[in-house]
Structure formats: structure tokens, C-alpha cells
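Notes follow once the structure below has been shown.
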Amino acid sequence: MHGLKLGAMVLALSAASMPGLISQARAETTVLKNVTVIDGTGAAAKPNSAIVMTDGKIVYVGPVSGAKVPAGAKVQDLAGKFVIPGIIDSHVHVGMMHDVTQDEKYETPENVQADLKQYAAYGVTTVQVLGTDKDFVLDMRNQQRKSRPTMARLFSAGQGAVMKGGYGGLVGVTNPISTPEEARKLVDQQAAKGVDFIKLWMDDERKTIPVKMTYEVSKAIIDEAHKKHLRAVAHVFYLADAKELVREGIDGFGHMVRDQPVDNELLNMMKAKGVWMVSATLSREMAYSLAIMPWLQDPFFIRGVTPGTLDALRSTTREKAVVTGPTRFPGLPYEKKVFFDMDRTLVQAVENYAAMVKAGVNTGMGTDSGPNGRFPGFNAHEEMQMQVILAGRSPMDAIKAATSDNARWLGDKTIGSIEQGKWADLVVLEKNPLDDIRNTQMISQVYIAGNSVPTIWQTCRDRQPSACTGKSTDLPHMPY
């Protein structure tokens with residue numbers, strides 16, 4: 001008997017001396033009540049709801065009256081607020097920029113983490129990086145999947161396939177290829193690293209680059225990817241190339257066809273084969289068509305860019321480059337017609353996106369943010385606004401494309417919607433985005449795996465938060 005009492009005393013003393021272990025064992029529960037839930041599936045918004053999160057997972061979503069709140073739970077009354085799933089951006093590049101200069105030397109763990117934190121601050125809780133990742137990014141992804149991340153979740157295509165002397169990739173990271181044999185070897189190497197997808201670039205920058213990936217090389221990439229049970233995503237520009245890639249078995253496109261209107265042949269093939277328009281990147285085309293960006297005074301934008309970036313974007317040098325056409329970007333071995341005739345390209349992209357939606361092609365939401373002129377997190381909101389205001393989608397459909405549809409493309413059933421058993425990746429908004437899609441900017445809170453992370457209204461890139469203005473309750477200033 002005395003032995004039992006002594007053992008109990010030892011256990012009690014041990015517990016008292018190791019509070020960290022005890023707190024880890026205790027379930028962590030947060031309750032958001034009196035919210036309107038827009039769950040990302042396309043279902044009608046549900047007012048007077050509660051969301052219960054325990055250890056990062058959603059254990060209850062439904063009427064407030066049905067919520068069971070355990071003792072010790074953190075309860076927030078968010079009456080008047082709206083909750084959507086964490087946004088998923090299906091086309092990004094991370095860590096490659098310093099202000100407006102792109103270079104592989106900037107792709108460090110510190111810069112990648114800074115970008116992932118910025119995505120999270122904008123409510124983008126998951127990103128798919130398409131083909132410009134160093135190997136350490138895959139290591140970061142692997143660590144995320146063993147834990148509850150506090151920055152945007154990663155999906156990675158590793159190092160994508162670029163034709164030698166051709167367009168695409170990141171100089172110093174991607175290894176160019178020129179033959180089907182080299183293509184298959186590249187895919188095998190990426191598969192061995194554990195990438196989530198295979199990326200290829202097929203473009204000649206509107207015939208300004210003399211080399212474009214050949215069809216025999218692209219077919220070798222796609223076939224080998226499928227042998228490794230991986231899906232292949234293509235950067236594409238021309239309608240003829242898009243059709244050929246669909247015939248070869250491509251799984252998705254990372255950009256919209258932009259040289260001419262899409263036709264029924266392409267649309268019918270994409271539907272029949274289940275090919276996705278993974279990311280239309282309308283915001284990319286918009287960025288390159290504007291001599292002066294209209295959001296340069298918008299706090300929602302300013303908070304997410306460095307002071308050096310702001311100075312460059314406001315400069316007369318950039319304005320002149322947009323107006324006069326061809327320019328040379330650091331890190332590129334050729335003169336790039338970034339701005340010439342981009343207004344026509346933008347209009348064609350928007351019209352083709354609308355045609356794909358109308359035809360019933362699977363569409364996600366992606367921005368190609370990260371490189372010069374495209375801004376992590378910010379562009380996701382702009383992309384959804386362009387889908388709604390310029391291409392005619394409903395706000396509900398735009399939210400669904402950016403959440404549950406993108407999760408479906410990724411093949412991840414644990415994210416993308418607000419449903420029991422899924423990760424608690426959530427964005428709390430001040431106003432209803434179904435009334436105005438621009439209200440996705442009015443971010444009150446962001447959760448990733450139940451972890452509350454700083455919002456863009458609480459951060460200011462490379463500056464103290466106090467150096468930036470604006471707050472979550474401010475009405476959006478976007479021009480669309």
C-alpha cells in the first residue's frame with residue numbers, strides 16, 4: 001500500500017516538473033461560434049454556425065446549438081463574420097526574388113519561409129510550386145507533413161523540364177534537356193526525390209526564342225511521369241501545342257491558351273480526358289499589361305511587398321519598359337517581350353477562361369506568383385476577382401475553384417473544405433465574399449491546422465508592422 005502511494009507521489013511530482021509534456025498530451029480545442037460558414041463545396045452559406053477545432057482538425061461544423069464545447073476550450077464569438085476554407089494557389093514559385101531581381105541565389109530556406117508566411121498572411125494556406133524548387137524545399141514539405149504547419153502547405157514539382165536553349169525554369173536550378181532519353185532520366189530523378197507532380201515548359205515567348213520543346217520530348221516526359229504514377233502539368237501558350245499535349249496525355253495546364261480563341265476540339269478533348277485548367281494565371285497577364293499598377297497605394301498590396309519592390313514599381317523606368325515593349329530581365333539569357341501587346345494577350349486569356357468554364361472543363365485557381373511582377377498571396381485575391389468580374393463566374397464558384405476544386409486537383413482529401421475530419425485551414429472574413437468577391441481581402445483571422453497565424457493586416461514585409469497602414473475592416477480598394 002505504501003508502495004502504491006509512493007508511486008503516485010512520484011508520478012505527481014514528475015508531472016509537476018514537466019508541464020510541457022502534460023500540455024502536449026492535453027487536447028487543444030478552439031471554437032469559432034456565431035459565424036456564417038461558406039464551406040468551399042458550393043453548398044449554400046450557413047449562418048449561425050460553429051466550428052470546433054481540436055489538435056488542428058475540424059471535429060464539428062454545424063449549428064451553434066449542436067456544438068459540444070469541452071472544458072478548457074478557447075471560445076471566440078465571431079458574430080457577423082464569415083469563414084471560408086484556406087485558399088489554395090495551384091501555381092506559384094517561392095523564394096527566388098530580391099525586390100524585383102530574380103536569381104537562384106535568393107532561393108534560400110529563409111526566403112522560401114518568408115514567402116510561405118506571406119501566402120499564409122493573405123489566407124493562402126496551401127501552394128503548389130511548379131518546377132523551380134531546390135531540393136531543400138522538398139525537405140521542408142516533408143517536415144510539414146509530419147507536423148501542424150504555421151505557414152502555407154507545400155506541394156512541389158521539384159525541378160521542371162526545360163528544353164535546352166528554350167523558355168522556362170529557373171537558371172541554376174532547372175537542368176535543361178534536349179532528347180527523349182534525357183527527358184525520361186529527368187522524370188526518373190524527380191520521382192526518386194518524391195515530387196508531387198512533373199512540370200514541363202512548352203513555349204517560345206511568342207516566337208522570340210529560337211527553341212521550343214519538341215513533341216517527342218514532351219511525350220517522353222508525360223509517358224515517364226505516368227509510369228511513375230505522377231501527373232504532368234504543362235506551361236503552354238499556343239492552341240496547337242495545347243491540343244498536341246492533350247493527345248499525348250497531359251494532365252493539366254499551368255497557363256491559359258493565349259494566342260487565339262480555344263475551339264470545341266480542345267474543349268471536348270479536355271473534358272473527355274479529364275484534363276484540368278489548373279491555373280489560368282489571369283493576374284499574371286494583367287500584371288504585364290499595366291504601365292502603372294493601380295494598387296500601388298493600396299495597403300492590402302503594400303503590406304506584402306518590400307520597400308525596394310515598391311520603389312521599382314513606381315519608377316518611370318518600369319513605366320517606360322511597359323510602353324516600349326522588349327526588356328531584359330536579370331537571370332534570363334534572352335530579351336523578353338514581357339509587355340509588348342500584353343493587353344491583347346490578357347483579353348484572350350480571359351475569354352478563353354470563360355469558354356472553358358462554360359464548357360465544363362475542370363478549373364482550379366492559380367496565379368504564377370513569385371517571379372518578377374507577381375506577388376505572393378496578393379495575386380490570389382486578384383485572380384478570384386478577375387474570374388468573377390471579368391470572366392463572369394459567381395463568387396461562390398470562384399471560392400470553390402480556389403478551395404475544394406484545387407484540393408481535388410492536388411488529390412488531397414484532408415484540405416480544401418470546411419468539413420468534419422479535415423485540417424482546420426480557415427480564413428475568417430469581416431464581410432460576406434458572396435456579396436462582393438473583393439471582401440476576401442477583409443481578413444480577420446487565418447488558421448493553418450488550427451494554428452492561428454498573423455494576417456496581412458498584422459504584418460508588413462521587411463518592415464515593422466507599424467510602418468504600414470490599413471486594417472481588416474477597411475473596404476477593399478481594388479479597381480475591378
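Letters for chains follow the order of the C-alpha cells (A, B, ...), residue numbers begin at 1 for each chain, and ligand numbers begin at 1 in the order shown.
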Write out as a ChimeraX atom specification the set of residues from range 239-462 of chain A that DSSP, computed on the backbone, places in strand (DSSP E or B).
/A:252-253,276-277,327,336,363,369,423,426-429,443-448,451-453
Could those residues be written to a file, using C-alpha atoms, as a PDB file, in the first residue's frame?
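Output contents, as saved in again02.pdb:
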```pdb
ATOM      1  CA  GLY A 252      -3.237  19.772 -66.638  1.00  0.00           C
ATOM      2  CA  PHE A 253      -2.205  23.173 -67.950  1.00  0.00           C
ATOM      3  CA  TRP A 276      -7.507  20.339 -65.935  1.00  0.00           C
ATOM      4  CA  MET A 277      -7.023  24.032 -66.455  1.00  0.00           C
ATOM      5  CA  THR A 327      13.192  44.381 -71.987  1.00  0.00           C
ATOM      6  CA  LYS A 336      11.941  39.018 -73.161  1.00  0.00           C
ATOM      7  CA  THR A 363     -10.720  24.566 -63.463  1.00  0.00           C
ATOM      8  CA  SER A 369       3.008  34.436 -58.362  1.00  0.00           C
ATOM      9  CA  TRP A 423      -7.481  20.073 -41.336  1.00  0.00           C
ATOM     10  CA  LEU A 426      -9.611  28.584 -42.341  1.00  0.00           C
ATOM     11  CA  VAL A 427      -9.918  32.259 -43.270  1.00  0.00           C
ATOM     12  CA  VAL A 428     -12.192  34.472 -41.167  1.00  0.00           C
ATOM     13  CA  LEU A 429     -13.562  37.482 -43.063  1.00  0.00           C
ATOM     14  CA  ILE A 443      -9.118  39.083 -43.453  1.00  0.00           C
ATOM     15  CA  SER A 444      -9.766  38.974 -39.726  1.00  0.00           C
ATOM     16  CA  GLN A 445      -8.021  35.689 -38.876  1.00  0.00           C
ATOM     17  CA  VAL A 446      -6.154  32.844 -40.591  1.00  0.00           C
ATOM     18  CA  TYR A 447      -5.756  29.300 -39.279  1.00  0.00           C
ATOM     19  CA  ILE A 448      -3.499  26.566 -40.628  1.00  0.00           C
ATOM     20  CA  ASN A 451      -2.812  27.303 -35.609  1.00  0.00           C
ATOM     21  CA  SER A 452      -3.663  30.988 -35.648  1.00  0.00           C
ATOM     22  CA  VAL A 453      -1.125  32.767 -37.869  1.00  0.00           C
TER      23      VAL A 453
END
```
Each residue of range 75-101 of chain A with at least one atom at most 12 Å from range 143-158 of chain A should appear once, together with its nearest atom pair and the corresponding distance in Å (one decimal); atoms considered: only C-alpha atoms; ordering: chain, then increasing residue number; output as a Markdown table.
```
| residue | atom | partner | partner_atom | distance |
| --- | --- | --- | --- | --- |
| A:Gly86 | CA | A:Ala152 | CA | 9.4 |
| A:Ile87 | CA | A:Ala152 | CA | 9.7 |
| A:Ile88 | CA | A:Ala152 | CA | 9.0 |
| A:Asp89 | CA | A:Ala152 | CA | 9.9 |
| A:Ser90 | CA | A:Phe155 | CA | 8.8 |
| A:His91 | CA | A:Phe155 | CA | 9.9 |
| A:Val92 | CA | A:Ser156 | CA | 9.7 |
| A:His93 | CA | A:Ser156 | CA | 9.6 |
| A:Val94 | CA | A:Leu154 | CA | 10.1 |
```
Could you pull the residues within 6 Å of Gly56 in chain A, counting only C-alpha atoms, minus those fewer than 2 positions along the same chain, as a VMD selection string?
chain A and resid 53 to 54 423 to 424 449 to 450
Pick the closest to Pro299 in chain A from A:Ala349, A:Met442, A:Ala27, A:Ala401: which is it, counting only C-alpha atoms?
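Once distances to Pro299 in chain A are computed over only C-alpha atoms, the minimum belongs to A:Met442.
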Could you pull out the alpha helix (DSSP H) residues of range 73-232 of chain A, going by DSSP on the backbone, and write them as JSON, numbers by chain?
{"A": [109, 110, 111, 112, 113, 114, 115, 116, 117, 118, 119, 120, 121, 135, 136, 137, 138, 139, 140, 141, 142, 143, 144, 180, 181, 182, 183, 184, 185, 186, 187, 188, 189, 190, 191, 192, 193, 215, 216, 217, 218, 219, 220, 221, 222, 223, 224, 225, 226, 227]}
Using only C-alpha atoms, find each residue in range 274-318 of chain A having at least one atom no more than 12 Å away from range 458-478 of chain A; report its shortest atom-to-atom pair and that distance in Å (one decimal), rows by chain then rising number, as CSV.
```
residue,atom,partner,partner_atom,distance
A:Met293,CA,A:Met478,CA,10.6
A:Pro294,CA,A:Met478,CA,7.9
A:Trp295,CA,A:Met478,CA,6.6
A:Leu296,CA,A:Met478,CA,10.3
A:Gln297,CA,A:His477,CA,9.1
A:Asp298,CA,A:His477,CA,6.4
A:Pro299,CA,A:Gly470,CA,5.6
A:Phe300,CA,A:Gly470,CA,7.4
A:Phe301,CA,A:Met478,CA,9.5
A:Ile302,CA,A:Cys468,CA,7.6
A:Arg303,CA,A:Cys460,CA,4.5
A:Gly304,CA,A:Arg461,CA,5.3
A:Val305,CA,A:Arg461,CA,5.6
A:Thr306,CA,A:Arg461,CA,5.5
A:Pro307,CA,A:Asp462,CA,7.6
A:Gly308,CA,A:Asp462,CA,9.8
A:Thr309,CA,A:Arg461,CA,10.5
A:Leu310,CA,A:Arg461,CA,11.1
```
Take the selection from the previous step and output its residues with N, CA and C atoms, as a PDB file, in the first residue's frame.
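So part.pdb came out as:
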```pdb
ATOM      1  N   MET A 293       0.619  50.185 -62.047  1.00  0.00           N
ATOM      2  CA  MET A 293      -0.304  49.309 -61.325  1.00  0.00           C
ATOM      3  C   MET A 293      -1.223  50.130 -60.438  1.00  0.00           C
ATOM      4  N   PRO A 294      -2.529  49.925 -60.529  1.00  0.00           N
ATOM      5  CA  PRO A 294      -3.469  50.788 -59.812  1.00  0.00           C
ATOM      6  C   PRO A 294      -3.522  50.548 -58.308  1.00  0.00           C
ATOM      7  N   TRP A 295      -2.844  49.514 -57.833  1.00  0.00           N
ATOM      8  CA  TRP A 295      -2.905  49.207 -56.403  1.00  0.00           C
ATOM      9  C   TRP A 295      -1.643  49.638 -55.649  1.00  0.00           C
ATOM     10  N   LEU A 296      -0.831  50.479 -56.238  1.00  0.00           N
ATOM     11  CA  LEU A 296       0.425  50.862 -55.596  1.00  0.00           C
ATOM     12  C   LEU A 296       0.229  51.703 -54.340  1.00  0.00           C
ATOM     13  N   GLN A 297      -0.979  52.200 -54.120  1.00  0.00           N
ATOM     14  CA  GLN A 297      -1.281  52.931 -52.894  1.00  0.00           C
ATOM     15  C   GLN A 297      -2.188  52.131 -51.960  1.00  0.00           C
ATOM     16  N   ASP A 298      -2.501  50.917 -52.335  1.00  0.00           N
ATOM     17  CA  ASP A 298      -3.453  50.093 -51.578  1.00  0.00           C
ATOM     18  C   ASP A 298      -2.727  49.386 -50.437  1.00  0.00           C
ATOM     19  N   PRO A 299      -3.122  49.624 -49.183  1.00  0.00           N
ATOM     20  CA  PRO A 299      -2.448  48.965 -48.047  1.00  0.00           C
ATOM     21  C   PRO A 299      -2.449  47.449 -48.144  1.00  0.00           C
ATOM     22  N   PHE A 300      -3.493  46.854 -48.735  1.00  0.00           N
ATOM     23  CA  PHE A 300      -3.557  45.395 -48.863  1.00  0.00           C
ATOM     24  C   PHE A 300      -2.414  44.887 -49.742  1.00  0.00           C
ATOM     25  N   PHE A 301      -2.012  45.675 -50.715  1.00  0.00           N
ATOM     26  CA  PHE A 301      -0.870  45.338 -51.567  1.00  0.00           C
ATOM     27  C   PHE A 301       0.445  45.728 -50.913  1.00  0.00           C
ATOM     28  N   ILE A 302       0.516  46.944 -50.416  1.00  0.00           N
ATOM     29  CA  ILE A 302       1.773  47.489 -49.893  1.00  0.00           C
ATOM     30  C   ILE A 302       2.330  46.637 -48.763  1.00  0.00           C
ATOM     31  N   ARG A 303       1.462  46.103 -47.919  1.00  0.00           N
ATOM     32  CA  ARG A 303       1.920  45.306 -46.778  1.00  0.00           C
ATOM     33  C   ARG A 303       2.676  44.043 -47.211  1.00  0.00           C
ATOM     34  N   GLY A 304       2.446  43.571 -48.436  1.00  0.00           N
ATOM     35  CA  GLY A 304       3.041  42.315 -48.859  1.00  0.00           C
ATOM     36  C   GLY A 304       4.247  42.445 -49.769  1.00  0.00           C
ATOM     37  N   VAL A 305       4.743  43.657 -49.997  1.00  0.00           N
ATOM     38  CA  VAL A 305       5.913  43.831 -50.870  1.00  0.00           C
ATOM     39  C   VAL A 305       6.989  44.618 -50.138  1.00  0.00           C
ATOM     40  N   THR A 306       8.234  44.407 -50.555  1.00  0.00           N
ATOM     41  CA  THR A 306       9.357  45.080 -49.917  1.00  0.00           C
ATOM     42  C   THR A 306       9.414  46.540 -50.352  1.00  0.00           C
ATOM     43  N   PRO A 307      10.069  47.388 -49.555  1.00  0.00           N
ATOM     44  CA  PRO A 307      10.228  48.786 -49.971  1.00  0.00           C
ATOM     45  C   PRO A 307      10.931  48.902 -51.322  1.00  0.00           C
ATOM     46  N   GLY A 308      11.936  48.038 -51.578  1.00  0.00           N
ATOM     47  CA  GLY A 308      12.632  48.075 -52.863  1.00  0.00           C
ATOM     48  C   GLY A 308      11.722  47.739 -54.024  1.00  0.00           C
ATOM     49  N   THR A 309      10.812  46.816 -53.804  1.00  0.00           N
ATOM     50  CA  THR A 309       9.841  46.461 -54.849  1.00  0.00           C
ATOM     51  C   THR A 309       8.923  47.635 -55.145  1.00  0.00           C
ATOM     52  N   LEU A 310       8.448  48.274 -54.093  1.00  0.00           N
ATOM     53  CA  LEU A 310       7.569  49.433 -54.285  1.00  0.00           C
ATOM     54  C   LEU A 310       8.263  50.522 -55.081  1.00  0.00           C
TER      55      LEU A 310
END
```
